[in-house]
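This is final37.cif (mmCIF, C-alpha atoms).
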```cif
data_work
#
loop_
_atom_site.label_atom_id
_atom_site.label_comp_id
_atom_site.auth_asym_id
_atom_site.auth_seq_id
_atom_site.Cartn_x
_atom_site.Cartn_y
_atom_site.Cartn_z
CA MET A 819 -36.64 5.30 -32.13
CA LYS A 820 -33.60 6.93 -30.50
CA ARG A 821 -30.66 7.60 -32.78
CA ILE A 822 -27.38 6.64 -31.09
CA VAL A 823 -23.78 7.52 -31.88
CA PHE A 824 -21.58 4.97 -30.10
CA MET A 825 -18.01 5.78 -29.05
CA GLY A 826 -15.78 2.91 -27.94
CA SER A 827 -12.72 0.91 -28.91
CA PRO A 828 -11.62 -2.28 -27.03
CA ASP A 829 -13.27 -5.60 -26.19
CA PHE A 830 -14.90 -4.16 -23.07
CA ALA A 831 -17.19 -2.02 -25.25
CA ILE A 832 -18.42 -4.90 -27.42
CA PRO A 833 -21.27 -6.22 -25.19
CA THR A 834 -22.58 -2.67 -24.75
CA LEU A 835 -22.59 -1.99 -28.50
CA GLN A 836 -24.16 -5.40 -29.15
CA ALA A 837 -26.93 -4.65 -26.63
CA LEU A 838 -27.76 -1.44 -28.52
CA LEU A 839 -27.73 -3.28 -31.85
CA ASP A 840 -30.09 -5.94 -30.48
CA ALA A 841 -32.56 -3.44 -28.95
CA PRO A 842 -35.48 -2.66 -31.32
CA ASP A 843 -36.00 0.86 -29.95
CA PHE A 844 -32.46 2.14 -30.65
CA ASP A 845 -30.73 2.85 -33.95
CA VAL A 846 -26.92 3.02 -33.91
CA ILE A 847 -26.36 5.41 -36.80
CA GLY A 848 -22.60 5.90 -36.37
CA VAL A 849 -19.59 4.62 -34.45
CA VAL A 850 -16.52 6.60 -33.35
CA THR A 851 -13.45 4.53 -32.47
CA GLN A 852 -9.67 4.86 -32.25
CA PRO A 853 -7.62 4.76 -35.48
CA ASP A 854 -6.21 1.46 -36.74
CA ARG A 855 -2.77 0.95 -35.17
CA PRO A 856 0.13 -1.54 -35.29
CA ALA A 857 -0.18 -4.24 -32.64
CA GLY A 858 1.30 -7.56 -31.61
CA ARG A 859 4.22 -9.44 -33.14
CA GLY A 860 5.19 -7.99 -36.48
CA SER A 861 3.32 -4.76 -35.67
CA LYS A 862 0.54 -5.64 -38.07
CA VAL A 863 -2.02 -2.84 -38.33
CA LYS A 864 -5.23 -3.84 -36.56
CA GLN A 865 -8.63 -2.25 -36.28
CA THR A 866 -10.40 -1.96 -32.94
CA PRO A 867 -12.90 -4.65 -31.94
CA VAL A 868 -15.63 -1.99 -31.99
CA LYS A 869 -14.81 -1.13 -35.61
CA THR A 870 -14.97 -4.80 -36.57
CA LEU A 871 -18.43 -5.18 -35.04
CA ALA A 872 -19.71 -1.92 -36.52
CA LEU A 873 -18.59 -2.80 -40.04
CA ALA A 874 -20.17 -6.26 -39.73
CA HIS A 875 -23.50 -4.47 -39.17
CA GLY A 876 -23.00 -1.94 -41.95
CA ILE A 877 -22.56 1.01 -39.59
CA GLU A 878 -20.50 4.02 -40.64
CA VAL A 879 -17.23 4.34 -38.67
CA TYR A 880 -15.33 7.56 -37.89
CA GLN A 881 -11.71 7.30 -36.60
CA PRO A 882 -10.16 10.71 -35.86
CA GLU A 883 -6.78 10.97 -34.13
CA LYS A 884 -8.38 13.57 -31.83
CA LEU A 885 -12.10 14.03 -31.36
CA ARG A 886 -12.05 17.81 -31.62
CA GLY A 887 -12.10 20.62 -34.16
CA GLU A 888 -14.55 21.76 -36.82
CA GLU A 889 -14.29 18.57 -38.87
CA THR A 890 -15.35 16.50 -35.86
CA LEU A 891 -18.25 18.78 -34.97
CA THR A 892 -19.47 18.77 -38.55
CA LYS A 893 -19.27 14.96 -38.75
CA LEU A 894 -21.08 14.36 -35.48
CA SER A 895 -23.70 17.04 -36.14
CA GLY A 896 -24.44 15.42 -39.49
CA TRP A 897 -25.41 12.18 -37.80
CA ASN A 898 -28.12 14.06 -35.87
CA ALA A 899 -28.03 11.70 -32.87
CA ASN A 900 -30.38 11.89 -29.91
CA VAL A 901 -27.62 10.76 -27.54
CA HIS A 902 -23.96 9.74 -27.51
CA VAL A 903 -23.06 6.50 -25.71
CA VAL A 904 -19.42 6.17 -24.63
CA ALA A 905 -17.75 2.96 -23.40
CA THR A 906 -13.94 2.84 -23.08
CA TYR A 907 -13.40 5.06 -26.12
CA GLY A 908 -9.91 6.18 -25.05
CA GLN A 909 -10.10 9.97 -25.19
CA ILE A 910 -11.46 12.68 -22.90
CA LEU A 911 -14.25 14.47 -24.77
CA LYS A 912 -14.61 18.25 -24.94
CA GLN A 913 -17.82 19.84 -23.66
CA ASN A 914 -18.88 20.97 -27.15
CA VAL A 915 -18.82 17.33 -28.29
CA LEU A 916 -20.67 16.12 -25.19
CA ASP A 917 -23.42 18.70 -25.65
CA LEU A 918 -24.09 18.07 -29.36
CA PRO A 919 -27.05 15.66 -29.03
CA PRO A 920 -30.15 16.81 -27.11
CA GLY A 921 -29.79 13.87 -24.72
CA GLY A 922 -26.14 14.66 -24.05
CA SER A 923 -23.48 11.97 -23.69
CA ILE A 924 -23.76 8.92 -21.42
CA ASN A 925 -20.79 6.87 -20.26
CA VAL A 926 -20.52 3.21 -19.22
CA HIS A 927 -17.77 3.18 -16.57
CA ALA A 928 -16.24 0.04 -15.01
CA SER A 929 -16.39 1.01 -11.33
CA LEU A 930 -18.77 2.20 -8.64
CA LEU A 931 -18.10 5.90 -8.97
CA PRO A 932 -16.84 8.03 -7.34
CA ARG A 933 -14.45 5.21 -6.38
CA TRP A 934 -11.89 4.56 -9.10
CA ARG A 935 -12.29 7.34 -11.60
CA GLY A 936 -9.79 7.06 -14.44
CA ALA A 937 -8.33 4.74 -17.03
CA ALA A 938 -7.77 1.43 -15.19
CA PRO A 939 -10.49 0.88 -12.57
CA ILE A 940 -10.65 -2.90 -13.05
CA GLN A 941 -7.00 -3.42 -12.09
CA ALA A 942 -7.19 -0.82 -9.30
CA VAL A 943 -10.12 -2.42 -7.52
CA ILE A 944 -8.37 -5.81 -7.34
CA ARG A 945 -5.02 -4.36 -6.24
CA ALA A 946 -6.76 -2.42 -3.47
CA GLY A 947 -8.48 -5.55 -2.16
CA ASP A 948 -12.00 -4.11 -2.55
CA ALA A 949 -14.86 -6.51 -1.89
CA VAL A 950 -17.11 -5.16 -4.65
CA SER A 951 -16.96 -3.43 -8.00
CA GLY A 952 -19.60 -2.62 -10.57
CA ILE A 953 -20.81 -0.52 -13.47
CA THR A 954 -21.80 3.13 -13.34
CA ILE A 955 -23.94 4.75 -16.03
CA MET A 956 -23.23 8.47 -15.83
CA GLN A 957 -24.08 11.70 -17.60
CA MET A 958 -20.77 12.96 -18.94
CA ASP A 959 -19.19 16.35 -18.41
CA ALA A 960 -15.74 17.58 -19.42
CA GLY A 961 -14.03 16.24 -16.28
CA LEU A 962 -12.46 12.81 -15.75
CA ASP A 963 -15.46 10.67 -14.78
CA THR A 964 -16.88 13.56 -12.74
CA GLY A 965 -20.43 13.68 -14.14
CA PRO A 966 -23.61 12.82 -12.24
CA ILE A 967 -24.60 9.18 -11.74
CA LEU A 968 -27.70 7.78 -13.44
CA ARG A 969 -27.57 4.09 -12.46
CA GLN A 970 -25.21 1.60 -10.84
CA ALA A 971 -25.02 -2.19 -10.55
CA GLU A 972 -22.71 -4.05 -8.19
CA VAL A 973 -20.73 -7.30 -8.47
CA ARG A 974 -18.78 -9.08 -5.77
CA ILE A 975 -15.08 -9.67 -6.33
CA ASP A 976 -14.15 -13.33 -5.98
CA ALA A 977 -11.22 -14.43 -3.84
CA ARG A 978 -9.22 -15.41 -6.95
CA GLU A 979 -10.54 -12.70 -9.25
CA THR A 980 -8.22 -11.60 -12.06
CA GLY A 981 -8.21 -8.53 -14.24
CA GLN A 982 -9.59 -10.67 -17.08
CA SER A 983 -12.40 -12.33 -15.12
CA LEU A 984 -13.59 -9.04 -13.63
CA HIS A 985 -13.34 -7.36 -17.04
CA ASP A 986 -15.65 -10.01 -18.49
CA LYS A 987 -18.18 -9.73 -15.65
CA LEU A 988 -18.39 -5.95 -15.90
CA ALA A 989 -18.47 -5.91 -19.70
CA ALA A 990 -21.49 -8.23 -19.63
CA LEU A 991 -23.21 -6.04 -17.04
CA GLY A 992 -22.80 -2.76 -18.92
CA GLY A 993 -25.14 -3.38 -21.84
CA PRO A 994 -28.32 -4.30 -19.93
CA LEU A 995 -27.77 -1.48 -17.43
CA LEU A 996 -27.32 1.04 -20.25
CA ILE A 997 -30.49 -0.11 -22.05
CA GLU A 998 -32.46 0.18 -18.81
CA THR A 999 -31.09 3.69 -18.29
CA LEU A 1000 -31.83 4.88 -21.83
CA ARG A 1001 -35.41 3.59 -21.63
CA ASP A 1002 -36.09 5.07 -18.21
CA THR A 1003 -33.54 7.75 -17.32
CA PRO A 1004 -33.60 8.52 -13.59
CA PRO A 1005 -32.76 11.92 -12.06
CA PRO A 1006 -28.96 12.40 -12.04
CA GLN A 1007 -27.20 12.20 -8.67
CA SER A 1008 -24.03 14.22 -8.02
CA GLN A 1009 -20.94 12.29 -6.99
CA ASP A 1010 -19.63 12.65 -3.45
CA GLU A 1011 -16.22 14.29 -3.91
CA ALA A 1012 -15.12 13.12 -0.44
CA LEU A 1013 -15.18 9.51 -1.67
CA VAL A 1014 -13.17 10.00 -4.88
CA THR A 1015 -10.23 7.72 -5.71
CA TYR A 1016 -8.28 7.53 -8.96
CA ALA A 1017 -7.05 4.67 -11.15
CA GLY A 1018 -4.34 6.03 -13.42
CA GLN A 1019 -3.14 4.59 -16.70
CA ILE A 1020 -1.02 1.43 -16.49
CA LYS A 1021 2.33 0.99 -18.22
CA LYS A 1022 4.18 -2.28 -18.81
CA GLU A 1023 6.83 -1.33 -16.26
CA ASP A 1024 4.13 -1.17 -13.58
CA GLY A 1025 4.12 -4.96 -13.67
CA LEU A 1026 7.48 -5.12 -11.85
CA ILE A 1027 6.95 -6.94 -8.54
CA ASN A 1028 8.19 -5.33 -5.33
CA TRP A 1029 9.11 -8.25 -3.07
CA THR A 1030 9.15 -6.04 0.04
CA GLN A 1031 5.37 -5.84 -0.21
CA SER A 1032 3.32 -8.48 1.60
CA ALA A 1033 2.42 -11.78 -0.02
CA ASP A 1034 -1.22 -10.69 -0.12
CA GLU A 1035 -0.35 -7.44 -1.91
CA ILE A 1036 1.80 -9.31 -4.43
CA ASP A 1037 -0.98 -11.83 -5.00
CA ARG A 1038 -3.44 -9.02 -5.77
CA HIS A 1039 -0.86 -7.39 -8.06
CA VAL A 1040 -0.40 -10.60 -10.05
CA ARG A 1041 -4.14 -11.24 -10.36
CA ALA A 1042 -5.02 -7.62 -11.20
CA TYR A 1043 -2.48 -7.41 -14.01
CA PHE A 1044 -3.46 -10.67 -15.68
CA PRO A 1045 -3.42 -10.80 -18.66
CA TRP A 1046 -2.08 -7.28 -19.25
CA PRO A 1047 0.44 -5.88 -18.59
CA GLY A 1048 1.44 -8.96 -16.62
CA THR A 1049 3.78 -9.08 -13.63
CA PHE A 1050 7.47 -9.87 -13.67
CA THR A 1051 10.74 -9.94 -11.79
CA HIS A 1052 14.33 -10.83 -12.70
CA VAL A 1053 16.38 -13.90 -11.81
CA ASN A 1054 20.06 -14.38 -12.62
CA GLY A 1055 19.89 -11.48 -15.06
CA LYS A 1056 16.84 -12.77 -16.96
CA LEU A 1057 13.27 -11.54 -16.99
CA LEU A 1058 10.86 -13.91 -15.24
CA LYS A 1059 7.12 -13.51 -15.71
CA ILE A 1060 4.97 -14.48 -12.75
CA ILE A 1061 1.66 -15.44 -14.34
CA ASP A 1062 -0.15 -16.89 -11.34
CA GLY A 1063 0.51 -17.82 -7.74
CA GLU A 1064 -0.80 -17.59 -4.20
CA PRO A 1065 0.22 -16.67 -0.66
CA VAL A 1066 1.30 -19.66 1.44
CA THR A 1067 2.47 -20.31 4.98
CA GLY A 1068 5.92 -21.51 5.94
CA ALA A 1069 9.27 -20.61 7.45
CA GLU A 1070 10.26 -17.00 6.95
CA VAL A 1071 12.43 -16.15 3.92
CA SER A 1072 13.97 -12.75 3.21
CA PRO A 1073 12.10 -10.64 0.57
CA GLY A 1074 12.84 -11.78 -2.98
CA ARG A 1075 14.76 -14.91 -1.90
CA VAL A 1076 13.68 -18.16 -3.60
CA ASN A 1077 13.40 -21.27 -1.46
CA ALA A 1078 11.89 -24.76 -1.67
CA ASP A 1079 9.48 -25.67 1.12
CA GLU A 1080 8.85 -29.07 2.69
CA ASP A 1081 6.47 -29.97 -0.16
CA LEU A 1082 9.31 -29.28 -2.65
CA ARG A 1083 7.35 -26.26 -3.82
CA GLN A 1084 9.10 -23.10 -4.95
CA VAL A 1085 8.35 -20.24 -2.56
CA ILE A 1086 9.51 -16.62 -2.53
CA GLY A 1087 10.02 -14.45 0.51
CA THR A 1088 8.11 -11.18 0.77
CA GLY A 1089 7.82 -8.32 3.23
CA ASP A 1090 5.18 -10.38 5.06
CA GLY A 1091 4.65 -14.06 4.31
CA LEU A 1092 5.54 -16.30 1.38
CA PHE A 1093 4.35 -16.26 -2.22
CA ALA A 1094 4.27 -19.50 -4.23
CA PRO A 1095 4.17 -19.09 -8.03
CA THR A 1096 2.00 -21.61 -9.83
CA GLN A 1097 2.73 -20.51 -13.42
CA LEU A 1098 5.96 -18.90 -14.63
CA GLN A 1099 7.69 -18.02 -17.87
CA LEU A 1100 11.41 -17.37 -18.16
CA GLU A 1101 12.65 -14.98 -20.81
CA GLY A 1102 12.72 -16.72 -24.22
CA LYS A 1103 10.97 -19.84 -22.89
CA LYS A 1104 7.39 -21.13 -22.83
CA ARG A 1105 4.97 -20.83 -19.93
CA LEU A 1106 5.32 -23.64 -17.37
CA SER A 1107 3.65 -24.88 -14.23
CA ALA A 1108 5.66 -24.28 -11.07
CA ALA A 1109 6.62 -27.97 -10.82
CA ASP A 1110 7.85 -28.14 -14.43
CA PHE A 1111 9.69 -24.86 -14.08
CA LEU A 1112 11.48 -26.05 -10.95
CA ASN A 1113 12.48 -29.33 -12.61
CA GLY A 1114 14.26 -27.43 -15.37
CA ASN A 1115 15.56 -24.51 -13.34
CA ARG A 1116 16.92 -25.87 -10.06
CA GLU A 1117 19.52 -23.09 -10.03
CA THR A 1118 16.81 -20.60 -9.10
CA ILE A 1119 16.57 -22.09 -5.61
CA GLY A 1120 18.48 -19.72 -3.34
CA ALA A 1121 18.52 -16.94 -5.95
CA ALA A 1122 17.60 -13.37 -5.08
CA LEU A 1123 14.90 -11.93 -7.31
CA GLY A 1124 14.82 -8.28 -8.30
CA GLU A 1125 16.07 -5.82 -10.86
#
```
So, in terms of structure tokens, how does the structure I just supplied come out?
Amino acid sequence: MKRIVFMGSPDFAIPTLQALLDAPDFDVIGVVTQPDRPAGRGSKVKQTPVKTLALAHGIEVYQPEKLRGEETLTKLSGWNANVHVVATYGQILKQNVLDLPPGGSINVHASLLPRWRGAAPIQAVIRAGDAVSGITIMQMDAGLDTGPILRQAEVRIDARETGQSLHDKLAALGGPLLIETLRDTPPPQSQDEALVTYAGQIKKEDGLINWTQSADEIDRHVRAYFPWPGTFTHVNGKLLKIIDGEPVTGAEVSPGRVNADEDLRQVIGTGDGLFAPTQLQLEGKKRLSAADFLNGNRETIGAALGE
């Protein structure tokens, strides 16, 4: 039976950890996850989803601020794992940590490497308008998602795919593909550096909509950043969250200008085409459908959106 140390933190890692726990030929003997941190309203300290699952199965949990130094090496060495499995842990691992187990360290990455290396591949693939995404199982090295590929599985991106829906598809795919790889590890294949793209970390301010972009680009932005960090603009000095919407046809409107079309639907001009919000939330108010929002906020018609 292979002894596994699992390293992961958010919801995305849960199906992969669960697959290992359910497999009779693997023994998860330790879990490494991010420290408990304040989150949400009231900044209540919360543990990671991976920690919650590990504790429910009686697995020892290790939560260092940084996975480096003698203490870390001593802790990991003491577990005597055959292999490390990493899925959205949240830190770049040093080579001495990666090399500790005889089977090295294997990563479950949410893209078809070498496309979309980095922290936010799910959002990047939707914003770019890619037709497919997938999971890559890779042998890790000290670079940022630079190690050789062991296995990949592809999923098509739906026309109305969101960051959440693609997250859920890929999370479900990761576990079975990892188990298949651990049971029958194929020869590693080097990544083609000519095909590399990067998906950097996302900040809340990245959700600000640029109305000079095309309606299609804005639509992909809104869908990619749902539910986090969300997309937003400003109207009459207040923050306005755009939760959902779609490109529509109609008479041209200048970028960022709000209009009502012949169907009495709120539309916004863009750099190319019109964008019609279907769900909105004004600062300090609850989320509303576009029709309900327009009924209570007629003054937004004719307004110019922006900073």
Which polymer residues have any atom within 12 Å of an atom of Asp1110 (chain A), counting only C-alpha atoms, with same-chain residues fewer than 3 positions away left out, as a list in words?
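My list of contacting residues is Leu1082, Arg1083, Gln1084, Pro1095, Thr1096, Gln1097, Leu1098, Gln1099, Leu1100, Lys1104, Arg1105, Leu1106, Ser1107, Asn1113, Gly1114, Asn1115 and Arg1116 of chain A.
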With all atoms listed in the file as the counted atoms, please give the residues lying no more than 7 Å from Ile940 (chain A), apart from itself and same-chain residues fewer than 5 positions off, as JSON, numbers by chain.
{"A": [928, 981, 984, 985]}
For the residues in that selection, give me C-alpha atoms as a CSV table (one decimal), in the frame of the given file.
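The file below, part03.csv, is the result:
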```csv
chain,number,residue,atom,x,y,z
A,928,ALA,CA,-16.2,0.0,-15.0
A,981,GLY,CA,-8.2,-8.5,-14.2
A,984,LEU,CA,-13.6,-9.0,-13.6
A,985,HIS,CA,-13.3,-7.4,-17.0
```
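Against this structure, the PyMOL selection byres ((chain A and resi 821) around 12) ends up with Met819, Lys820, Ile822, Val823, Phe824, Leu838, Leu839, Ala841, Pro842, Asp843, Phe844, Asp845, Val846, Ile847, Gly848, Val849, Trp897, Asn898, Ala899, Asn900, Val901, His902, Val903, Pro919, Pro920, Gly921 and Leu1000 of chain A.
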Residue neighbourhood Arg978 (chain A), 10 Å, all atoms listed in the file, exclusion window fewer than 2 positions, as a PyMOL selection string:
chain A and resi 944+975-976+980+983+1037-1038+1041-1042+1064
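Neighbouring residues of Val879 (chain A) at 9 Å or closer, counting all atoms listed in the file and skipping chain neighbours under 2 positions away, are Gly848, Val849, Val850, Thr851, Lys869, Ala872, Leu873, Ile877 and Gln881 of chain A.
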Could you write those residues out with C-alpha atoms, as a CSV table (one decimal), in the coordinates of the input?
```
chain,number,residue,atom,x,y,z
A,848,GLY,CA,-22.6,5.9,-36.4
A,849,VAL,CA,-19.6,4.6,-34.4
A,850,VAL,CA,-16.5,6.6,-33.4
A,851,THR,CA,-13.4,4.5,-32.5
A,869,LYS,CA,-14.8,-1.1,-35.6
A,872,ALA,CA,-19.7,-1.9,-36.5
A,873,LEU,CA,-18.6,-2.8,-40.0
A,877,ILE,CA,-22.6,1.0,-39.6
A,881,GLN,CA,-11.7,7.3,-36.6
```
Using only C-alpha atoms, pick whichever of A:Asp1079, A:Glu998, A:Glu889, A:Glu1023 has the shortest atom-to-atom distance to Trp1046 (chain A).
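Under the stated criterion, the closest residue is A:Glu1023.
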Taking the file as shown, what set of residues would the PyMOL selection byres ((chain A and resi 826) around 6) give back, as a PyMOL selection string?
chain A and resi 825+827+831+851+904-907
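Once Gly1048 (chain A) and its same-chain neighbours fewer than 2 positions away are set aside, Lys1022, Gly1025, Val1040, Tyr1043, Phe1044, Pro1045, Trp1046, Phe1050, Lys1059, Ile1060 and Ile1061 of chain A remain within 8 Å of it when counting all atoms listed in the file.
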For the file shown, report as a PyMOL selection string the outcome of the PyMOL selection byres ((chain A and resi 1008) around 6) at residue level.
chain A and resi 966+1007+1009
Separation of CA of Gly1074 (chain A) from CA of Lys1103 (chain A), in Å and rounded to one decimal:
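Going from CA of Gly1074 (chain A) over to CA of Lys1103 (chain A), I get 21.6 Å.
Between CA of Leu1013 (chain A) and CA of Pro932 (chain A) the interatomic distance comes to 6.1 Å.
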From the list A:Ala938, A:Leu885, A:Leu916, A:Leu930, which residue is nearest Gly1018 (chain A) when using all atoms listed in the file?
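Selected residue with least distance to Gly1018 (chain A): A:Ala938.
Protein and nucleic acid residues near (-17.0, 15.8, -29.0) are Leu885, Arg886, Leu891, Leu911, Lys912, Gln913, Asn914, Val915 and Leu916 of chain A, the criterion being any atom at most 7 Å away using only C-alpha atoms.
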Let me see the file: selected residues, C-alpha atoms, as a CSV table (one decimal), in the coordinates of the input.
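Listed below is the output, part.csv:
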```csv
chain,number,residue,atom,x,y,z
A,885,LEU,CA,-12.1,14.0,-31.4
A,886,ARG,CA,-12.0,17.8,-31.6
A,891,LEU,CA,-18.2,18.8,-35.0
A,911,LEU,CA,-14.2,14.5,-24.8
A,912,LYS,CA,-14.6,18.2,-24.9
A,913,GLN,CA,-17.8,19.8,-23.7
A,914,ASN,CA,-18.9,21.0,-27.2
A,915,VAL,CA,-18.8,17.3,-28.3
A,916,LEU,CA,-20.7,16.1,-25.2
```
By how many Å are CA of Val950 (chain A) and CA of Pro867 (chain A) apart?
27.6 Å
Given only C-alpha atoms as the counted atoms, nearest of A:Ala990, A:Leu968, A:Val1053, A:Ala937 to Ile910 (chain A)
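Nearest candidate to Ile910 (chain A) out of A:Ala990, A:Leu968, A:Val1053, A:Ala937: A:Ala937.
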Export region 939-963 of chain A from the structure block above, keeping N, CA and C atoms, as a PDB file, in the first residue's frame.
```pdb
ATOM      1  N   PRO A 939      -5.853  29.301 -13.428  1.00  0.00           N
ATOM      2  CA  PRO A 939      -6.082  28.810 -14.793  1.00  0.00           C
ATOM      3  C   PRO A 939      -7.548  28.690 -15.162  1.00  0.00           C
ATOM      4  N   ILE A 940      -8.425  28.454 -14.187  1.00  0.00           N
ATOM      5  CA  ILE A 940      -9.851  28.280 -14.495  1.00  0.00           C
ATOM      6  C   ILE A 940     -10.438  29.581 -15.027  1.00  0.00           C
ATOM      7  N   GLN A 941     -10.140  30.685 -14.359  1.00  0.00           N
ATOM      8  CA  GLN A 941     -10.641  31.987 -14.816  1.00  0.00           C
ATOM      9  C   GLN A 941      -9.993  32.383 -16.149  1.00  0.00           C
ATOM     10  N   ALA A 942      -8.701  32.093 -16.286  1.00  0.00           N
ATOM     11  CA  ALA A 942      -7.971  32.505 -17.488  1.00  0.00           C
ATOM     12  C   ALA A 942      -8.510  31.831 -18.744  1.00  0.00           C
ATOM     13  N   VAL A 943      -8.845  30.556 -18.631  1.00  0.00           N
ATOM     14  CA  VAL A 943      -9.277  29.827 -19.819  1.00  0.00           C
ATOM     15  C   VAL A 943     -10.622  30.344 -20.327  1.00  0.00           C
ATOM     16  N   ILE A 944     -11.508  30.764 -19.407  1.00  0.00           N
ATOM     17  CA  ILE A 944     -12.796  31.316 -19.824  1.00  0.00           C
ATOM     18  C   ILE A 944     -12.612  32.711 -20.404  1.00  0.00           C
ATOM     19  N   ARG A 945     -11.816  33.551 -19.751  1.00  0.00           N
ATOM     20  CA  ARG A 945     -11.599  34.910 -20.258  1.00  0.00           C
ATOM     21  C   ARG A 945     -10.981  34.895 -21.649  1.00  0.00           C
ATOM     22  N   ALA A 946     -10.128  33.911 -21.906  1.00  0.00           N
ATOM     23  CA  ALA A 946      -9.457  33.847 -23.211  1.00  0.00           C
ATOM     24  C   ALA A 946     -10.358  33.299 -24.303  1.00  0.00           C
ATOM     25  N   GLY A 947     -11.498  32.716 -23.926  1.00  0.00           N
ATOM     26  CA  GLY A 947     -12.394  32.153 -24.924  1.00  0.00           C
ATOM     27  C   GLY A 947     -11.943  30.802 -25.453  1.00  0.00           C
ATOM     28  N   ASP A 948     -11.130  30.069 -24.684  1.00  0.00           N
ATOM     29  CA  ASP A 948     -10.681  28.745 -25.107  1.00  0.00           C
ATOM     30  C   ASP A 948     -11.868  27.801 -25.234  1.00  0.00           C
ATOM     31  N   ALA A 949     -11.740  26.836 -26.136  1.00  0.00           N
ATOM     32  CA  ALA A 949     -12.813  25.871 -26.360  1.00  0.00           C
ATOM     33  C   ALA A 949     -12.743  24.697 -25.389  1.00  0.00           C
ATOM     34  N   VAL A 950     -11.534  24.427 -24.867  1.00  0.00           N
ATOM     35  CA  VAL A 950     -11.357  23.279 -23.982  1.00  0.00           C
ATOM     36  C   VAL A 950     -10.490  23.659 -22.799  1.00  0.00           C
ATOM     37  N   SER A 951     -10.642  22.902 -21.738  1.00  0.00           N
ATOM     38  CA  SER A 951      -9.732  22.956 -20.596  1.00  0.00           C
ATOM     39  C   SER A 951      -9.513  21.516 -20.157  1.00  0.00           C
ATOM     40  N   GLY A 952      -8.977  21.323 -18.954  1.00  0.00           N
ATOM     41  CA  GLY A 952      -8.765  19.963 -18.505  1.00  0.00           C
ATOM     42  C   GLY A 952      -7.916  19.904 -17.263  1.00  0.00           C
ATOM     43  N   ILE A 953      -7.512  18.693 -16.925  1.00  0.00           N
ATOM     44  CA  ILE A 953      -6.647  18.421 -15.783  1.00  0.00           C
ATOM     45  C   ILE A 953      -5.325  17.852 -16.281  1.00  0.00           C
ATOM     46  N   THR A 954      -4.247  18.323 -15.689  1.00  0.00           N
ATOM     47  CA  THR A 954      -2.924  17.754 -15.940  1.00  0.00           C
ATOM     48  C   THR A 954      -2.393  17.164 -14.638  1.00  0.00           C
ATOM     49  N   ILE A 955      -1.952  15.911 -14.701  1.00  0.00           N
ATOM     50  CA  ILE A 955      -1.199  15.298 -13.612  1.00  0.00           C
ATOM     51  C   ILE A 955       0.269  15.391 -14.003  1.00  0.00           C
ATOM     52  N   MET A 956       1.059  16.057 -13.164  1.00  0.00           N
ATOM     53  CA  MET A 956       2.449  16.315 -13.536  1.00  0.00           C
ATOM     54  C   MET A 956       3.395  15.963 -12.403  1.00  0.00           C
ATOM     55  N   GLN A 957       4.618  15.600 -12.779  1.00  0.00           N
ATOM     56  CA  GLN A 957       5.699  15.415 -11.816  1.00  0.00           C
ATOM     57  C   GLN A 957       6.256  16.795 -11.499  1.00  0.00           C
ATOM     58  N   MET A 958       6.281  17.159 -10.224  1.00  0.00           N
ATOM     59  CA  MET A 958       6.642  18.525  -9.867  1.00  0.00           C
ATOM     60  C   MET A 958       8.153  18.727  -9.828  1.00  0.00           C
ATOM     61  N   ASP A 959       8.564  19.935 -10.244  1.00  0.00           N
ATOM     62  CA  ASP A 959       9.906  20.429  -9.973  1.00  0.00           C
ATOM     63  C   ASP A 959       9.754  21.796  -9.316  1.00  0.00           C
ATOM     64  N   ALA A 960      10.864  22.488  -9.104  1.00  0.00           N
ATOM     65  CA  ALA A 960      10.819  23.723  -8.318  1.00  0.00           C
ATOM     66  C   ALA A 960      10.245  24.910  -9.081  1.00  0.00           C
ATOM     67  N   GLY A 961       9.979  24.769 -10.377  1.00  0.00           N
ATOM     68  CA  GLY A 961       9.416  25.859 -11.159  1.00  0.00           C
ATOM     69  C   GLY A 961       7.914  25.991 -10.956  1.00  0.00           C
ATOM     70  N   LEU A 962       7.329  26.995 -11.610  1.00  0.00           N
ATOM     71  CA  LEU A 962       5.887  27.235 -11.535  1.00  0.00           C
ATOM     72  C   LEU A 962       5.184  26.401 -12.600  1.00  0.00           C
ATOM     73  N   ASP A 963       4.737  25.215 -12.208  1.00  0.00           N
ATOM     74  CA  ASP A 963       4.020  24.300 -13.112  1.00  0.00           C
ATOM     75  C   ASP A 963       4.850  23.935 -14.335  1.00  0.00           C
TER      76      ASP A 963
END
```
